[in-house]
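S.K.: File data18.cif below, mmCIF, C-alpha atoms:
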```cif
data_structure
#
loop_
_atom_site.label_atom_id
_atom_site.label_comp_id
_atom_site.auth_asym_id
_atom_site.auth_seq_id
_atom_site.Cartn_x
_atom_site.Cartn_y
_atom_site.Cartn_z
CA MET A 1 25.06 5.23 -6.68
CA ARG A 2 26.27 4.04 -10.05
CA ASP A 3 29.34 5.86 -11.38
CA GLN A 4 28.87 4.83 -15.00
CA PRO A 5 26.36 6.69 -17.19
CA PRO A 6 23.15 4.87 -18.08
CA PRO A 7 23.22 2.88 -21.32
CA THR A 8 22.09 4.54 -24.52
CA PRO A 9 18.43 3.63 -25.25
CA HIS A 10 17.79 1.27 -28.15
CA GLY A 11 14.63 2.31 -29.97
CA PRO A 12 11.82 4.45 -28.55
CA ALA A 13 10.80 4.17 -24.89
CA PRO A 14 7.64 2.13 -24.31
CA ASP A 15 4.35 3.90 -23.72
CA LEU A 16 3.71 4.38 -20.02
CA PHE A 17 0.45 4.86 -18.10
CA THR A 18 -1.85 3.46 -20.79
CA TRP A 19 -4.53 0.86 -20.01
CA GLU A 20 -2.35 -1.79 -21.66
CA PHE A 21 0.57 -0.72 -19.48
CA ALA A 22 -1.62 -0.92 -16.36
CA ALA A 23 -2.54 -4.53 -17.15
CA ASP A 24 1.12 -5.59 -17.36
CA PRO A 25 3.75 -2.90 -16.72
CA TYR A 26 6.63 -5.33 -16.25
CA PRO A 27 7.90 -5.52 -19.87
CA ALA A 28 8.06 -1.70 -19.98
CA TYR A 29 9.89 -1.63 -16.66
CA ALA A 30 12.36 -4.23 -17.95
CA TRP A 31 13.08 -1.94 -20.93
CA LEU A 32 13.62 1.04 -18.65
CA ARG A 33 15.94 -0.91 -16.34
CA ALA A 34 18.03 -1.98 -19.31
CA HIS A 35 18.04 1.21 -21.38
CA ALA A 36 16.93 4.22 -19.28
CA PRO A 37 17.15 3.26 -15.59
CA VAL A 38 16.57 6.85 -14.45
CA HIS A 39 13.98 8.12 -16.90
CA ARG A 40 12.28 11.53 -17.09
CA THR A 41 8.66 11.32 -18.17
CA LYS A 42 5.46 13.35 -18.18
CA LEU A 43 2.85 11.81 -15.89
CA PRO A 44 -0.89 11.72 -16.68
CA SER A 45 -1.31 14.73 -14.35
CA GLY A 46 1.05 16.79 -16.51
CA VAL A 47 3.80 16.78 -13.87
CA GLU A 48 7.26 15.78 -15.11
CA ALA A 49 9.21 13.42 -12.85
CA TRP A 50 12.17 11.04 -12.81
CA LEU A 51 11.46 7.29 -12.57
CA VAL A 52 14.11 5.17 -10.81
CA THR A 53 13.82 1.51 -11.85
CA ARG A 54 16.92 -0.47 -10.78
CA TYR A 55 17.05 -2.12 -7.36
CA ALA A 56 20.41 -0.74 -6.20
CA ASP A 57 19.51 2.79 -7.30
CA ALA A 58 16.03 2.46 -5.79
CA ARG A 59 17.28 1.30 -2.40
CA GLN A 60 19.81 4.13 -2.19
CA THR A 61 17.29 6.71 -3.39
CA LEU A 62 14.76 5.69 -0.73
CA ALA A 63 17.37 6.36 1.97
CA ASP A 64 18.91 9.56 0.50
CA ASN A 65 18.28 12.52 2.81
CA ARG A 66 18.88 14.95 -0.08
CA LEU A 67 15.50 13.84 -1.41
CA SER A 68 12.77 15.48 0.64
CA LYS A 69 9.24 14.19 1.21
CA ASN A 70 7.96 17.74 1.73
CA PRO A 71 6.09 19.03 -1.39
CA ALA A 72 7.32 22.53 -0.54
CA HIS A 73 10.60 21.50 -2.17
CA HIS A 74 8.91 20.82 -5.53
CA ASP A 75 9.92 23.42 -8.09
CA GLU A 76 6.46 23.15 -9.59
CA PRO A 77 4.94 25.26 -12.37
CA ALA A 78 1.51 26.73 -11.73
CA HIS A 79 -0.33 23.99 -13.64
CA ALA A 80 1.20 21.32 -11.40
CA LYS A 81 0.23 22.93 -8.10
CA GLY A 82 -1.11 20.35 -5.69
CA LYS A 83 -0.84 17.42 -8.12
CA THR A 84 1.85 15.52 -6.27
CA GLY A 85 0.01 14.17 -3.24
CA ILE A 86 -3.27 12.67 -2.14
CA PRO A 87 -6.18 14.55 -3.77
CA GLY A 88 -7.80 16.88 -1.27
CA GLU A 89 -5.23 16.60 1.52
CA ARG A 90 -4.11 20.24 1.12
CA GLN A 91 -7.64 21.63 1.25
CA ALA A 92 -8.49 19.38 4.20
CA ASP A 93 -5.38 20.55 6.13
CA LEU A 94 -3.99 17.00 6.34
CA MET A 95 -0.45 17.62 5.10
CA THR A 96 1.40 17.09 8.40
CA HIS A 97 1.67 13.30 8.20
CA LEU A 98 4.64 10.95 7.87
CA LEU A 99 4.55 10.78 4.06
CA ASN A 100 4.99 14.57 3.70
CA ILE A 101 7.61 15.56 6.25
CA ASP A 102 11.35 15.21 6.89
CA PRO A 103 13.52 15.02 10.01
CA PRO A 104 13.46 16.39 12.62
CA ASP A 105 9.64 16.64 12.46
CA HIS A 106 9.41 13.17 10.91
CA THR A 107 11.62 11.72 13.65
CA ARG A 108 9.47 13.21 16.39
CA LEU A 109 6.13 12.20 14.87
CA ARG A 110 7.24 8.68 13.93
CA ARG A 111 8.57 8.12 17.45
CA LEU A 112 5.26 9.28 18.91
CA VAL A 113 3.17 7.16 16.55
CA SER A 114 5.39 4.11 17.03
CA LYS A 115 4.48 4.17 20.73
CA ALA A 116 0.83 3.65 19.76
CA PHE A 117 1.41 1.33 16.79
CA THR A 118 3.48 -1.41 18.43
CA PRO A 119 4.06 -5.01 17.26
CA ARG A 120 2.39 -6.15 20.49
CA ARG A 121 -0.77 -4.18 19.64
CA VAL A 122 -0.81 -5.77 16.16
CA ALA A 123 -0.30 -9.28 17.61
CA GLU A 124 -3.16 -8.75 20.06
CA PHE A 125 -5.35 -7.77 17.11
CA ALA A 126 -4.85 -11.11 15.30
CA PRO A 127 -8.03 -12.79 16.65
CA ARG A 128 -10.15 -9.86 15.45
CA VAL A 129 -8.61 -10.05 11.97
CA GLN A 130 -9.42 -13.77 11.86
CA GLU A 131 -13.00 -13.08 13.02
CA LEU A 132 -13.50 -10.42 10.32
CA THR A 133 -12.03 -12.74 7.68
CA ASP A 134 -14.36 -15.60 8.58
CA ASP A 135 -17.40 -13.33 8.79
CA LEU A 136 -16.78 -11.92 5.31
CA ILE A 137 -16.28 -15.39 3.80
CA ASP A 138 -19.48 -16.55 5.53
CA ARG A 139 -21.35 -13.62 3.96
CA PHE A 140 -20.30 -14.07 0.35
CA THR A 141 -20.50 -17.88 0.37
CA ARG A 142 -24.07 -17.70 1.68
CA GLY A 143 -25.04 -16.02 -1.58
CA GLY A 144 -24.03 -18.91 -3.86
CA ASP A 145 -20.91 -20.15 -5.58
CA THR A 146 -19.53 -16.92 -7.12
CA ALA A 147 -18.21 -13.63 -5.76
CA ASP A 148 -16.22 -10.55 -6.62
CA LEU A 149 -13.31 -11.07 -4.28
CA ILE A 150 -12.36 -7.37 -4.32
CA HIS A 151 -15.80 -5.97 -3.46
CA ASP A 152 -16.89 -8.80 -1.16
CA PHE A 153 -13.64 -9.53 0.67
CA ALA A 154 -10.35 -7.74 -0.10
CA PHE A 155 -11.87 -4.25 0.20
CA PRO A 156 -14.03 -4.52 3.35
CA LEU A 157 -11.54 -6.59 5.40
CA PRO A 158 -8.83 -3.93 5.85
CA ILE A 159 -11.38 -1.12 6.14
CA TYR A 160 -13.17 -2.78 9.06
CA ALA A 161 -9.85 -3.88 10.57
CA ILE A 162 -8.22 -0.43 10.53
CA CYS A 163 -11.46 1.17 11.78
CA ASP A 164 -11.52 -1.26 14.72
CA LEU A 165 -7.85 -0.63 15.42
CA LEU A 166 -8.26 3.16 15.28
CA GLY A 167 -11.36 3.04 17.47
CA VAL A 168 -14.00 4.14 14.97
CA PRO A 169 -17.37 3.05 16.44
CA ARG A 170 -18.99 0.15 14.58
CA GLU A 171 -22.06 2.23 13.70
CA ASP A 172 -19.83 4.70 11.79
CA GLN A 173 -17.70 2.19 9.91
CA ASP A 174 -19.94 1.94 6.86
CA ASP A 175 -19.45 5.68 6.33
CA PHE A 176 -15.73 5.04 6.29
CA ARG A 177 -16.26 2.23 3.83
CA ASP A 178 -18.12 4.63 1.49
CA TRP A 179 -15.44 7.35 1.77
CA ALA A 180 -12.65 4.84 1.26
CA GLY A 181 -14.47 3.37 -1.73
CA MET A 182 -14.48 6.77 -3.41
CA MET A 183 -10.78 7.31 -2.62
CA ILE A 184 -9.65 4.00 -4.15
CA ARG A 185 -11.63 4.54 -7.35
CA HIS A 186 -9.16 7.29 -8.30
CA GLY A 187 -10.35 8.60 -11.67
CA GLY A 188 -13.34 6.26 -11.83
CA GLY A 189 -15.72 8.30 -9.68
CA PRO A 190 -17.42 11.70 -9.99
CA ARG A 191 -15.20 14.73 -10.47
CA GLY A 192 -13.91 15.95 -7.13
CA GLY A 193 -15.26 12.88 -5.35
CA VAL A 194 -11.93 11.93 -3.78
CA ALA A 195 -11.35 15.42 -2.38
CA ARG A 196 -14.89 15.52 -0.93
CA SER A 197 -14.39 12.11 0.71
CA VAL A 198 -11.06 13.24 2.18
CA LYS A 199 -12.75 16.38 3.58
CA LYS A 200 -15.57 14.35 5.14
CA MET A 201 -13.08 11.91 6.65
CA ARG A 202 -11.02 14.82 8.03
CA GLY A 203 -14.06 16.38 9.67
CA TYR A 204 -15.13 13.09 11.21
CA LEU A 205 -11.63 12.28 12.54
CA ALA A 206 -11.23 15.75 14.07
CA GLU A 207 -14.51 15.35 15.95
CA LEU A 208 -13.70 11.77 17.02
CA ILE A 209 -10.25 12.75 18.30
CA HIS A 210 -11.74 15.66 20.24
CA ARG A 211 -14.33 13.36 21.87
CA LYS A 212 -11.74 10.72 22.73
CA ARG A 213 -9.34 13.30 24.17
CA GLN A 214 -12.06 14.62 26.50
CA ALA A 215 -13.03 11.11 27.64
CA LEU A 216 -9.49 9.68 27.91
CA PRO A 217 -8.91 7.95 31.28
CA ALA A 218 -5.80 8.85 33.26
CA GLU A 219 -4.19 5.45 32.65
CA PRO A 220 -4.28 3.21 29.55
CA VAL A 221 -6.87 0.41 29.60
CA PRO A 222 -6.38 -3.07 28.09
CA GLY A 223 -7.18 -3.09 24.38
CA GLU A 224 -7.11 0.71 24.10
CA ASP A 225 -7.70 1.85 20.52
CA LEU A 226 -5.04 3.43 18.34
CA ILE A 227 -6.49 6.97 18.30
CA SER A 228 -6.47 6.98 22.11
CA GLY A 229 -2.90 5.72 21.93
CA LEU A 230 -1.99 8.55 19.56
CA ILE A 231 -3.54 11.10 21.93
CA ARG A 232 -1.75 9.58 24.91
CA ALA A 233 1.65 9.20 23.21
CA SER A 234 4.21 11.78 24.28
CA ASP A 235 7.91 12.44 23.80
CA HIS A 236 9.60 14.33 26.66
CA GLY A 237 6.21 15.75 27.57
CA GLU A 238 5.36 16.77 23.99
CA HIS A 239 2.06 15.39 22.69
CA LEU A 240 0.57 15.23 19.22
CA THR A 241 -1.65 18.19 18.50
CA GLU A 242 -5.22 17.41 17.41
CA LYS A 243 -4.24 18.52 13.89
CA GLU A 244 -1.26 16.14 13.89
CA ALA A 245 -3.34 13.31 15.33
CA ALA A 246 -6.03 13.79 12.65
CA ALA A 247 -3.42 13.79 9.87
CA MET A 248 -1.77 10.70 11.35
CA ALA A 249 -5.05 8.80 11.74
CA PHE A 250 -5.94 9.76 8.17
CA ILE A 251 -2.69 8.50 6.65
CA LEU A 252 -2.79 5.29 8.70
CA LEU A 253 -6.26 4.69 7.31
CA PHE A 254 -5.45 5.77 3.75
CA ALA A 255 -2.11 3.97 3.50
CA GLY A 256 -3.28 1.05 5.60
CA PHE A 257 -6.35 0.00 3.71
CA GLU A 258 -5.58 0.32 -0.01
CA THR A 259 -2.22 -1.42 0.25
CA THR A 260 -3.91 -4.36 1.96
CA VAL A 261 -6.81 -4.44 -0.53
CA ASN A 262 -4.20 -4.79 -3.26
CA LEU A 263 -2.05 -7.28 -1.35
CA ILE A 264 -5.04 -9.61 -0.94
CA GLY A 265 -6.38 -9.01 -4.46
CA ASN A 266 -3.06 -9.18 -6.33
CA GLY A 267 -1.88 -12.07 -4.14
CA THR A 268 -5.00 -14.16 -4.72
CA TYR A 269 -4.86 -13.44 -8.46
CA ALA A 270 -1.20 -14.51 -8.61
CA LEU A 271 -1.99 -17.76 -6.79
CA LEU A 272 -4.98 -18.54 -9.02
CA THR A 273 -2.90 -17.98 -12.15
CA HIS A 274 0.00 -20.08 -10.77
CA PRO A 275 -1.84 -23.26 -9.71
CA GLU A 276 1.31 -25.22 -8.82
CA GLN A 277 2.28 -22.53 -6.28
CA ARG A 278 -1.28 -22.35 -4.93
CA GLU A 279 -1.34 -26.13 -4.44
CA ARG A 280 2.08 -26.03 -2.81
CA LEU A 281 0.80 -23.50 -0.26
CA GLN A 282 -2.43 -25.44 0.33
CA ARG A 283 -0.43 -28.61 1.08
CA ALA A 284 1.74 -26.74 3.57
CA LEU A 285 -1.29 -25.23 5.32
CA ALA A 286 -2.99 -28.64 5.50
CA GLU A 287 0.13 -29.98 7.23
CA GLY A 288 0.10 -27.11 9.73
CA ASP A 289 3.24 -25.53 8.25
CA ARG A 290 2.90 -21.74 8.15
CA GLY A 291 6.50 -21.13 7.09
CA LEU A 292 5.58 -21.20 3.40
CA LEU A 293 2.72 -18.77 4.10
CA GLU A 294 5.17 -16.27 5.59
CA THR A 295 7.74 -16.50 2.78
CA GLY A 296 4.87 -16.70 0.28
CA VAL A 297 3.35 -13.36 1.31
CA GLU A 298 6.79 -11.76 1.00
CA GLU A 299 7.13 -13.23 -2.49
CA LEU A 300 3.68 -11.96 -3.48
CA LEU A 301 4.72 -8.50 -2.27
CA ARG A 302 7.81 -8.72 -4.51
CA PHE A 303 6.21 -10.37 -7.54
CA ASP A 304 3.19 -8.07 -8.00
CA GLY A 305 3.02 -5.87 -4.95
CA PRO A 306 0.30 -3.43 -3.87
CA VAL A 307 2.45 -0.29 -4.21
CA GLU A 308 3.83 0.25 -7.71
CA LEU A 309 5.69 3.52 -7.10
CA ALA A 310 6.94 4.91 -3.81
CA THR A 311 5.40 8.23 -2.83
CA TRP A 312 6.88 11.53 -4.01
CA ARG A 313 10.38 12.79 -3.28
CA PHE A 314 11.91 16.14 -4.28
CA ALA A 315 15.59 16.95 -4.71
CA THR A 316 16.76 19.63 -2.28
CA GLU A 317 20.08 19.97 -4.16
CA PRO A 318 21.52 18.48 -7.37
CA VAL A 319 21.74 14.68 -7.00
CA VAL A 320 23.24 12.02 -9.28
CA ILE A 321 21.22 8.80 -9.44
CA GLY A 322 22.31 5.96 -11.69
CA GLY A 323 24.62 8.32 -13.57
CA GLN A 324 21.80 10.81 -14.18
CA ARG A 325 21.90 14.34 -12.72
CA ILE A 326 18.69 15.38 -10.96
CA GLU A 327 18.23 19.12 -10.49
CA THR A 328 17.06 20.89 -7.33
CA GLY A 329 13.26 20.81 -7.06
CA ASP A 330 12.80 17.88 -9.47
CA PRO A 331 10.31 15.18 -8.42
CA VAL A 332 11.67 11.63 -8.12
CA LEU A 333 9.51 8.48 -8.08
CA VAL A 334 11.07 5.14 -7.16
CA VAL A 335 9.39 2.36 -9.14
CA LEU A 336 9.18 -0.41 -6.55
CA ALA A 337 7.56 -2.79 -9.04
CA ALA A 338 10.54 -2.43 -11.38
CA ALA A 339 13.18 -2.66 -8.66
CA ASP A 340 11.62 -5.83 -7.26
CA ARG A 341 11.93 -7.55 -10.67
CA ASP A 342 15.58 -6.51 -11.20
CA PRO A 343 17.58 -9.57 -12.37
CA GLU A 344 20.72 -7.98 -10.90
CA ARG A 345 19.17 -8.54 -7.45
CA PHE A 346 16.69 -11.42 -7.77
CA ALA A 347 17.29 -14.75 -9.51
CA ASP A 348 14.53 -15.52 -12.04
CA PRO A 349 12.68 -12.33 -11.03
CA ASP A 350 9.66 -12.99 -13.28
CA THR A 351 9.08 -16.40 -11.64
CA LEU A 352 6.72 -16.70 -8.67
CA ASP A 353 8.44 -18.84 -6.01
CA LEU A 354 6.64 -18.87 -2.66
CA GLY A 355 9.67 -20.44 -0.99
CA ARG A 356 12.09 -17.69 -2.10
CA ARG A 357 14.47 -17.02 0.78
CA ASP A 358 16.77 -14.19 -0.31
CA ASN A 359 13.93 -11.74 -0.67
CA GLN A 360 14.77 -8.26 0.58
CA HIS A 361 12.07 -6.69 -1.57
CA LEU A 362 11.17 -3.01 -1.40
CA GLY A 363 7.41 -3.55 -1.29
CA TYR A 364 7.07 -1.59 1.95
CA GLY A 365 9.88 0.85 1.19
CA HIS A 366 13.27 1.29 2.83
CA GLY A 367 14.94 3.73 5.19
CA ILE A 368 13.23 6.09 7.61
CA HIS A 369 9.98 6.03 5.63
CA TYR A 370 9.64 2.23 5.77
CA CYS A 371 5.93 1.48 6.14
CA LEU A 372 4.87 1.76 9.77
CA GLY A 373 1.84 -0.46 9.14
CA ALA A 374 3.75 -3.33 7.49
CA PRO A 375 3.22 -5.75 10.44
CA LEU A 376 -0.57 -5.19 10.29
CA ALA A 377 -0.65 -5.58 6.49
CA ARG A 378 1.34 -8.83 6.74
CA LEU A 379 -1.02 -10.13 9.42
CA GLU A 380 -4.08 -9.33 7.31
CA GLY A 381 -2.52 -10.73 4.12
CA GLN A 382 -1.46 -13.98 5.75
CA THR A 383 -4.80 -14.43 7.51
CA ALA A 384 -6.87 -13.65 4.41
CA LEU A 385 -4.95 -15.92 2.02
CA ALA A 386 -4.62 -18.83 4.43
CA THR A 387 -8.33 -18.74 5.31
CA LEU A 388 -9.46 -18.43 1.68
CA LEU A 389 -7.33 -21.35 0.53
CA THR A 390 -8.37 -23.51 3.49
CA ARG A 391 -12.09 -22.81 3.46
CA LEU A 392 -12.46 -22.60 -0.34
CA PRO A 393 -9.90 -25.14 -1.61
CA ASP A 394 -11.25 -25.17 -5.18
CA LEU A 395 -11.32 -21.36 -5.53
CA ARG A 396 -10.82 -20.44 -9.19
CA LEU A 397 -11.02 -17.47 -11.55
CA ALA A 398 -14.42 -16.85 -13.13
CA ALA A 399 -13.08 -14.60 -15.91
CA ASP A 400 -10.41 -14.60 -18.56
CA PRO A 401 -7.34 -12.83 -17.07
CA ALA A 402 -7.21 -10.67 -20.21
CA GLU A 403 -10.65 -9.27 -19.34
CA LEU A 404 -9.68 -8.08 -15.86
CA ARG A 405 -9.12 -4.35 -15.40
CA TRP A 406 -6.64 -2.64 -13.12
CA ARG A 407 -7.45 0.58 -11.28
CA GLY A 408 -5.99 3.83 -12.54
CA GLY A 409 -3.75 5.86 -10.31
CA LEU A 410 -0.05 6.49 -10.09
CA ILE A 411 1.12 5.00 -6.80
CA MET A 412 -0.97 1.89 -6.15
CA ARG A 413 -1.44 -1.27 -8.21
CA GLY A 414 -4.66 -3.23 -7.81
CA LEU A 415 -7.51 -4.94 -9.60
CA ARG A 416 -10.91 -3.29 -10.01
CA THR A 417 -12.67 -6.66 -9.71
CA LEU A 418 -11.70 -10.30 -9.19
CA PRO A 419 -14.57 -12.65 -10.15
CA VAL A 420 -14.17 -16.11 -8.61
CA GLU A 421 -16.06 -19.40 -8.41
CA PHE A 422 -15.97 -22.01 -5.65
CA SER A 423 -17.89 -24.83 -4.03
CA PRO A 424 -19.71 -23.34 -1.03
CA PRO A 425 -18.37 -24.72 2.27
CA ARG A 426 -20.60 -27.25 3.96
CA SER A 427 -22.68 -26.06 6.91
CA GLY A 428 -20.46 -25.65 9.95
CA GLN A 429 -17.24 -25.87 7.95
CA THR A 430 -14.48 -23.45 9.02
#
```
Would you put the structure from the file into structure tokens?
M.R.:
Amino acid sequence: MRDQPPPTPHGPAPDLFTWEFAADPYPAYAWLRAHAPVHRTKLPSGVEAWLVTRYADARQTLADNRLSKNPAHHDEPAHAKGKTGIPGERQADLMTHLLNIDPPDHTRLRRLVSKAFTPRRVAEFAPRVQELTDDLIDRFTRGGDTADLIHDFAFPLPIYAICDLLGVPREDQDDFRDWAGMMIRHGGGPRGGVARSVKKMRGYLAELIHRKRQALPAEPVPGEDLISGLIRASDHGEHLTEKEAAAMAFILLFAGFETTVNLIGNGTYALLTHPEQRERLQRALAEGDRGLLETGVEELLRFDGPVELATWRFATEPVVIGGQRIETGDPVLVVLAAADRDPERFADPDTLDLGRRDNQHLGYGHGIHYCLGAPLARLEGQTALATLLTRLPDLRLAADPAELRWRGGLIMRGLRTLPVEFSPPRSGQT
């Protein structure tokens, strides 16, 4: 980490976590990178934490084993109890998942889950993702020439996809959509609504896992769902407990859907507000070149990614980051959105360039906690954007960008709504 002390701030620090900040946090992050790259602040919850904003510091922090993911290491005052994770996960007994544990437990669980969540399984799922994408576009284009791309497309696509992958029966998937809808509203729903939705989801998953365990055939069958794979996965004869399997299914659902909602929503918004890049991608797709789609999704993840801050870490001993001493028990939040716009790492970082090659962004993290579901999110993002731009070539914003509102919440970054207009596809057009 940096040996030199951070520069002395010039003027007061910008206001963080306001509605204006949510709409465009990047100028504030540029100030922090330049003047207070490791910055202690009070969060809206009342918890005080350190924000790490430079790329080099962020990358090293994400891989530093002196920073624990286990909230038990938080030296928290009474008023902060339980405010550093997903609302309701403590009460629902869902804490034993990959985002809350360290080696050796993390190593064992990740190895078990990786056996069920393989690249091959994701690749085999591609036709279903395409089918869901086309069905959703068919639905909202039947209703006319306008839509809310978040509600009608970006939100339901990953929910139905992850439910299919997990093995949630189709007749139960609308319940999941309702619970997930409450969870992604953050502060916008009724008091306690997130915790209640988490509890309902926990109860449902526990029952589903129990049923699948009882009915599990002796040998895997082609196309076996992910929950069955989690139950079957073993490491030297050691299986996931039902409690571990429920927590793992929950975090795969929770982490797997909102990040993809935001990837599709933020990505589409970036393309619609950068027409020359949108047209560049449309030309490449029309010529059958998917190379620009692949680099383009990576650039959208860097430019305005779905995860603004990495999930919580807690110092298990004094640590120096960017010249700043962090005390034992202090919470540390790596600001991925700031690191991915660091001019010390990326040329012209505030420019959207879908062909950017040197793009080792941190959008899905780094180190042992690198996002397990990244291949699925990339598949969904590429499929959604390519299909939208191909089937609705004149897709355009139906609102002034200044009028759009971003969801509250500390970790994720995403739009509440994305009103669009388009010419409905002709009958039979795909």
S.K.: Carefully work through the PyMOL selection byres ((chain A and resi 250) around 8) for this structure and note down the residues it includes, as a list in words.
M.R.: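 Selected by the PyMOL selection byres ((chain A and resi 250) around 8) in this file: Leu94, Met201, Arg202, Leu205, Ala246, Ala247, Met248, Ala249, Ile251, Leu252, Leu253 and Phe254 of chain A.
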S.K.: Check which residues satisfy the PyMOL selection byres ((chain A and resi 397) around 7) in the file shown, then give them as a ChimeraX atom specification.
M.R.: /A:272,396,398-399,419-421
S.K.: Where does the PyMOL selection byres ((chain A and resi 331) around 10) land in this file, that is, which residues does it pick, as a ChimeraX atom specification?
M.R.: /A:40,47-51,67-69,71,73-76,84,312-316,326-330,332-333
S.K.: How many Å lie between CA of Ala147 in chain A and CA of Leu404 in chain A, rounded to one decimal?
M.R.: 14.3 Å
S.K.: How many Å lie between CA of Arg345 in chain A and CA of His361 in chain A, rounded to one decimal?
M.R.: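 Rounded to one decimal, the two atoms are 9.4 Å apart.
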S.K.: How many Å separate CA of Asn262 in chain A from CA of Thr18 in chain A?
M.R.: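 Going from CA of Asn262 in chain A over to CA of Thr18 in chain A, I get 19.5 Å.
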S.K.: What's around Thr295 in chain A at 12 Å? Count all atoms listed in the file, leave out sequence neighbours fewer than 5 positions away in its own chain, and write the answer as a list in words.
M.R.: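 Neighbouring residues, sequence-local ones excluded: Leu281, Ala284, Asp289, Arg290, Leu300, Leu301, Arg302, Leu352, Asp353, Leu354, Gly355, Arg356, Arg357, Asp358, Asn359, Gln360, His361, Arg378, Gly381 and Gln382 of chain A.
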S.K.: Just checking: using all atoms listed in the file, which residue out of A:Leu112, A:Val320, A:Ala63, A:Ala310 ends up closest to Ala339 in chain A?
M.R.: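 The answer is A:Ala310, which sits nearest to Ala339 in chain A.
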S.K.: Which one is closest to Leu240 in chain A: A:Leu385, A:Thr61, A:Arg110, A:Asp175? Count all atoms listed in the file.
M.R.: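 Going through A:Leu385, A:Thr61, A:Arg110, A:Asp175 one by one, the smallest distance to Leu240 in chain A is for A:Arg110.
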S.K.: Hey, which of A:Gln214, A:Pro393, A:Ile368, A:Arg108 ends up closest to Glu279 in chain A? Count all atoms listed in the file.
M.R.: A:Pro393
S.K.: Compare A:Asn65, A:Trp179, A:Val297, A:Ile231 by their minimum atom-to-atom distance to Ala218 in chain A, counting only C-alpha atoms, and give me the closest one.
M.R.: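 Result for the nearest residue to Ala218 in chain A: A:Ile231.
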S.K.: Using all atoms listed in the file, can you tell me which of A:Pro424, A:Gly256, A:Pro37, A:Pro222 comes closest to Tyr160 in chain A?
M.R.: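 Checking each of A:Pro424, A:Gly256, A:Pro37, A:Pro222 against Tyr160 in chain A, counting all atoms listed in the file, the winner is A:Gly256.
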S.K.: With distances taken over only C-alpha atoms, which of A:Thr390, A:Thr41, A:Ser228, A:Thr383 is nearest to Pro127 in chain A?
M.R.: A:Thr383
S.K.: Give as a ChimeraX atom specification each residue that has an atom at most 9 Å from (-10.0, -7.5, 1.5) in the file, counting only C-alpha atoms.
M.R.: /A:133,136,149-159,257,260-265,380-381,384
